[in-house]
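With PDB, C-alpha atoms inside, this is query-v7.pdb:
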ATOM      1  CA  MET H  20      14.267 -53.857 -19.721
ATOM      2  CA  ASN H  21      16.647 -51.834 -21.922
ATOM      3  CA  VAL H  22      19.595 -52.938 -19.789
ATOM      4  CA  LYS H  23      18.777 -56.603 -20.359
ATOM      5  CA  LYS H  24      18.526 -56.062 -24.095
ATOM      6  CA  VAL H  25      21.871 -54.219 -24.216
ATOM      7  CA  ALA H  26      23.517 -56.926 -22.082
ATOM      8  CA  LYS H  27      22.161 -59.646 -24.374
ATOM      9  CA  VAL H  28      23.345 -57.873 -27.539
ATOM     10  CA  LEU H  29      26.746 -57.239 -25.963
ATOM     11  CA  SER H  30      27.168 -60.842 -24.812
ATOM     12  CA  VAL H  31      26.140 -62.234 -28.219
ATOM     13  CA  SER H  32      28.519 -59.823 -29.967
ATOM     14  CA  LEU H  33      31.448 -60.692 -27.690
ATOM     15  CA  GLY H  34      30.686 -64.397 -28.020
ATOM     16  CA  GLY H  35      30.657 -64.051 -31.799
ATOM     17  CA  LEU H  36      33.959 -62.193 -31.774
ATOM     18  CA  PHE H  37      35.507 -64.847 -29.538
ATOM     19  CA  LEU H  38      34.234 -67.611 -31.804
ATOM     20  CA  ALA H  39      35.628 -65.797 -34.857
ATOM     21  CA  PHE H  40      39.003 -65.444 -33.118
ATOM     22  CA  LEU H  41      38.952 -69.142 -32.217
ATOM     23  CA  VAL H  42      38.329 -70.063 -35.866
ATOM     24  CA  TYR H  43      41.107 -67.693 -36.972
ATOM     25  CA  ALA H  44      43.555 -69.162 -34.452
ATOM     26  CA  ASN H  45      42.859 -72.695 -35.678
ATOM     27  CA  TRP H  46      42.736 -71.900 -39.388
ATOM     28  CA  GLU H  47      46.327 -73.061 -39.852
ATOM     29  CA  GLU H  48      48.667 -75.181 -37.773
ATOM     30  CA  LYS H  49      50.995 -73.186 -35.582
ATOM     31  CA  PRO H  50      54.543 -73.046 -36.948
ATOM     32  CA  LEU H  51      57.361 -75.029 -35.401
ATOM     33  CA  SER H  52      58.943 -71.758 -34.279
ATOM     34  CA  ALA H  53      56.069 -71.217 -31.827
ATOM     35  CA  ASP H  54      57.592 -73.699 -29.366
ATOM     36  CA  VAL H  55      61.229 -72.659 -29.740
ATOM     37  CA  PRO H  56      62.748 -71.068 -26.636
ATOM     38  CA  PRO H  57      64.118 -67.525 -26.954
ATOM     39  CA  MET H  58      67.498 -67.042 -28.594
ATOM     40  CA  SER H  59      69.878 -64.151 -29.138
ATOM     41  CA  LEU H  60      72.745 -63.887 -31.560
ATOM     42  CA  VAL H  61      76.001 -62.214 -30.552
ATOM     43  CA  ILE H  62      78.612 -61.458 -33.200
ATOM     44  CA  LEU H  63      82.123 -60.673 -32.009
ATOM     45  CA  SER H  64      85.206 -59.631 -33.964
ATOM     46  CA  ALA H  65      88.789 -60.265 -32.926
ATOM     47  CA  ALA H  66      90.445 -57.019 -31.822
ATOM     48  CA  GLN H  67      93.824 -58.423 -32.868
ATOM     49  CA  PRO H  68      94.487 -61.141 -35.454
ATOM     50  CA  ILE H  69      94.634 -64.627 -33.946
ATOM     51  CA  ASP H  70      95.695 -67.852 -35.634
ATOM     52  CA  SER H  71      93.316 -70.684 -36.485
ATOM     53  CA  LEU H  72      94.417 -72.885 -33.567
ATOM     54  CA  GLN H  73      93.602 -70.162 -31.012
ATOM     55  CA  PHE H  74      90.355 -69.464 -32.861
ATOM     56  CA  GLU H  75      89.317 -73.118 -32.450
ATOM     57  CA  GLN H  76      90.273 -72.992 -28.774
ATOM     58  CA  VAL H  77      88.072 -69.938 -28.298
ATOM     59  CA  GLN H  78      85.165 -71.681 -30.031
ATOM     60  CA  THR H  79      85.588 -74.783 -27.886
ATOM     61  CA  TRP H  80      85.841 -72.757 -24.676
ATOM     62  CA  LEU H  81      82.766 -70.678 -25.571
ATOM     63  CA  SER H  82      80.670 -73.738 -26.440
ATOM     64  CA  GLU H  83      81.236 -75.042 -22.892
ATOM     65  CA  GLN H  84      79.942 -71.863 -21.222
ATOM     66  CA  PRO H  85      76.463 -71.876 -19.626
ATOM     67  CA  GLY H  86      73.754 -70.347 -21.784
ATOM     68  CA  VAL H  87      75.667 -70.816 -25.039
ATOM     69  CA  ARG H  88      73.764 -72.927 -27.552
ATOM     70  CA  ALA H  89      76.074 -72.781 -30.556
ATOM     71  CA  VAL H  90      79.292 -71.133 -31.658
ATOM     72  CA  GLY H  91      80.425 -70.651 -35.227
ATOM     73  CA  GLY H  92      82.931 -68.623 -37.108
ATOM     74  CA  GLN H  93      85.898 -68.683 -39.436
ATOM     75  CA  ALA H  94      89.444 -67.782 -38.560
ATOM     76  CA  ALA H  95      89.841 -66.039 -41.931
ATOM     77  CA  ASP H  96      87.058 -63.574 -41.075
ATOM     78  CA  GLN H  97      88.170 -63.191 -37.444
ATOM     79  CA  GLN H  98      84.499 -63.193 -36.398
ATOM     80  CA  LEU H  99      82.469 -65.385 -34.066
ATOM     81  CA  ALA H 100      78.715 -65.911 -34.170
ATOM     82  CA  ILE H 101      77.389 -67.078 -30.803
ATOM     83  CA  SER H 102      73.828 -68.252 -30.234
ATOM     84  CA  ILE H 103      72.842 -67.720 -26.585
ATOM     85  CA  ASP H 104      69.864 -68.156 -24.312
ATOM     86  CA  PRO H 105      69.084 -64.594 -23.109
ATOM     87  CA  ASN H 106      67.547 -65.988 -19.907
ATOM     88  CA  GLU H 107      70.870 -67.577 -18.886
ATOM     89  CA  THR H 108      73.583 -65.222 -20.121
ATOM     90  CA  ALA H 109      74.227 -62.007 -22.028
ATOM     91  CA  GLY H 110      76.649 -61.000 -24.747
ATOM     92  CA  GLN H 111      78.470 -58.620 -22.415
ATOM     93  CA  ASN H 112      79.031 -61.459 -19.937
ATOM     94  CA  LEU H 113      80.635 -63.584 -22.644
ATOM     95  CA  LEU H 114      82.735 -60.668 -23.828
ATOM     96  CA  GLY H 115      84.004 -60.086 -20.286
ATOM     97  CA  ALA H 116      84.706 -63.798 -19.823
ATOM     98  CA  LEU H 117      86.679 -63.864 -23.071
ATOM     99  CA  GLN H 118      88.747 -60.913 -21.925
ATOM    100  CA  THR H 119      89.514 -62.587 -18.586
ATOM    101  CA  GLN H 120      90.730 -65.613 -20.548
ATOM    102  CA  GLY H 121      93.145 -63.334 -22.429
ATOM    103  CA  TYR H 122      91.302 -63.148 -25.761
ATOM    104  CA  ALA H 123      90.706 -59.708 -27.242
ATOM    105  CA  PHE H 124      87.288 -59.563 -28.906
ATOM    106  CA  LYS H 125      84.901 -56.668 -29.460
ATOM    107  CA  PRO H 126      81.259 -56.452 -30.518
ATOM    108  CA  THR H 127      80.775 -56.208 -34.260
ATOM    109  CA  THR H 128      78.958 -53.084 -35.385
ATOM    110  CA  PHE H 129      76.651 -53.018 -38.373
ATOM    111  CA  ALA H 130      75.270 -50.138 -40.379
ATOM    112  CA  ALA H 131      71.949 -48.943 -39.034
ATOM    113  CA  ALA H 132      68.816 -49.025 -41.153
ATOM    114  CA  ASP H 133      67.919 -45.841 -42.972
ATOM    115  CA  PRO H 134      65.434 -43.961 -40.738
ATOM    116  CA  ASN H 135      63.687 -42.533 -43.800
ATOM    117  CA  THR H 136      62.474 -45.932 -44.989
ATOM    118  CA  PRO H 137      58.885 -46.915 -44.177
ATOM    119  CA  GLN H 138      58.552 -48.799 -40.905
ATOM    120  CA  CYS H 139      55.739 -50.712 -39.266
ATOM    121  CA  PRO H 140      53.662 -48.370 -37.052
ATOM    122  CA  VAL H 141      52.690 -51.231 -34.716
ATOM    123  CA  PRO H 142      55.319 -52.008 -32.065
ATOM    124  CA  MET H 143      56.824 -55.483 -32.406
ATOM    125  CA  GLU H 144      55.826 -56.353 -28.819
ATOM    126  CA  TYR H 145      52.148 -56.011 -29.767
ATOM    127  CA  ILE H 146      52.554 -58.267 -32.781
ATOM    128  CA  GLN H 147      54.372 -60.901 -30.719
ATOM    129  CA  ALA H 148      51.728 -60.738 -27.977
ATOM    130  CA  PHE H 149      48.974 -61.274 -30.573
ATOM    131  CA  GLN H 150      50.904 -64.259 -31.988
ATOM    132  CA  LYS H 151      51.291 -65.785 -28.510
ATOM    133  CA  ILE H 152      47.565 -65.432 -27.834
ATOM    134  CA  THR H 153      46.777 -66.938 -31.231
ATOM    135  CA  TYR H 154      49.101 -69.889 -30.565
ATOM    136  CA  ALA H 155      47.528 -70.381 -27.128
ATOM    137  CA  PHE H 156      44.075 -70.807 -28.709
ATOM    138  CA  ASN H 157      45.365 -73.099 -31.460
ATOM    139  CA  PHE H 158      44.163 -76.587 -30.582
ATOM    140  CA  ARG H 159      45.734 -78.449 -33.516
TER     141      ARG H 159
END
Translate the structure described by the file into structure tokens.
Amino acid sequence: MNVKKVAKVLSVSLGGLFLAFLVYANWEEKPLSADVPPMSLVILSAAQPIDSLQFEQVQTWLSEQPGVRAVGGQAADQQLAISIDPNETAGQNLLGALQTQGYAFKPTTFAAADPNTPQCPVPMEYIQAFQKITYAFNFR
């Protein structure tokens, strides 16, 4: 008899939690970014100065490569910003392909964040997983 009572309380509690999560997931419309495929950004710098004509040739050649979504940059800065699909290609693959074409580029390095600043204690993978589950239960 006690087992039935505990099972009933547990099932009502879990049902209530699920219903609350369903209301939370549908409280707002999911953002447009929820349906965007994954993207990575690769920023490369020219190892040696190149003129604007060669820079445009590099941009055109890169934009024709598989997995590359967009290429941008300015010859004055000697930097390229490449938007890629991480499921199709990687930044190292593009860097190697550029070098086989005779163009000398290297990955751009940026200053790292100060490790003493406050950081989120929850790993980003957990937050993204929760967002995906929320979007899956959003029926709007």
Open item on the list: Which residue is closest to H:Val61? Choose from H:Gln150, H:Gln73, H:Gln78, H:Thr127 and count only C-alpha atoms.
Closed with: H:Thr127
Would you kindly return, as a PDB file with C-alpha atoms, in the frame of the given file, each protein, DNA or RNA residue with an atom no farther than 12 Å from any atom of H:Thr128, considering all atoms listed in the file and excluding same-chain residues fewer than 5 positions away?
ATOM      1  CA  VAL H  61      76.001 -62.214 -30.552  1.00  0.00           C
ATOM      2  CA  ILE H  62      78.612 -61.458 -33.200  1.00  0.00           C
ATOM      3  CA  LEU H  63      82.123 -60.673 -32.009  1.00  0.00           C
ATOM      4  CA  SER H  64      85.206 -59.631 -33.964  1.00  0.00           C
ATOM      5  CA  GLN H  98      84.499 -63.193 -36.398  1.00  0.00           C
TER       6      GLN H  98
END
- [ ] Pull out every residue that the PyMOL selection byres ((chain H and resi 121) around 12) matches in the shown coordinates and put them as a list in words.
- [x] Ala65, Ala66, Gln67, Ile69, Gln73, Gln76, Val77, Leu114, Gly115, Ala116, Leu117, Gln118, Thr119, Gln120, Tyr122, Ala123 and Phe124 of chain H
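Here the PyMOL selection byres ((chain H and resi 48) around 12) catches exactly these residues: Val42, Tyr43, Ala44, Asn45, Trp46, Glu47, Lys49, Pro50, Leu51, Ser52, Ala53, Thr153, Tyr154, Ala155, Phe156, Asn157, Phe158 and Arg159 of chain H.
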Up to 8 Å from (70.8, -69.5, -23.9) in the file's coordinates: name the residues, counting only C-alpha atoms, as an mmCIF file with C-alpha atoms, in the frame of the given file.
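File produced: point_39.cif:
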data_model
loop_
_atom_site.group_PDB
_atom_site.id
_atom_site.type_symbol
_atom_site.label_atom_id
_atom_site.label_comp_id
_atom_site.auth_asym_id
_atom_site.auth_seq_id
_atom_site.Cartn_x
_atom_site.Cartn_y
_atom_site.Cartn_z
ATOM 1 C CA PRO H 57 64.118 -67.525 -26.954
ATOM 2 C CA MET H 58 67.498 -67.042 -28.594
ATOM 3 C CA SER H 59 69.878 -64.151 -29.138
ATOM 4 C CA PRO H 85 76.463 -71.876 -19.626
ATOM 5 C CA GLY H 86 73.754 -70.347 -21.784
ATOM 6 C CA VAL H 87 75.667 -70.816 -25.039
ATOM 7 C CA ARG H 88 73.764 -72.927 -27.552
ATOM 8 C CA SER H 102 73.828 -68.252 -30.234
ATOM 9 C CA ILE H 103 72.842 -67.720 -26.585
ATOM 10 C CA ASP H 104 69.864 -68.156 -24.312
ATOM 11 C CA PRO H 105 69.084 -64.594 -23.109
ATOM 12 C CA ASN H 106 67.547 -65.988 -19.907
ATOM 13 C CA GLU H 107 70.870 -67.577 -18.886
ATOM 14 C CA THR H 108 73.583 -65.222 -20.121
#
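The space between atom CA of H:Pro126 and atom CA of H:Trp80 spans 17.9 Å.
In this structure, atom CA of H:Phe37 sits 16.8 Å away from atom CA of H:Ala148.
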Grab all the atoms of stretch 39-46 of chain H that the file lists, wrap them in a box along x, y and z, add 3 Å per side, and give me centre plus edge lengths in Å (one decimal) as lines of an AutoDock Vina configuration file.
center_x = 39.6
center_y = -69.1
center_z = -35.8
size_x = 13.9
size_y = 13.3
size_z = 13.2
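Atom CA of H:Leu41 is positioned 18.2 Å from atom CA of H:Leu29.
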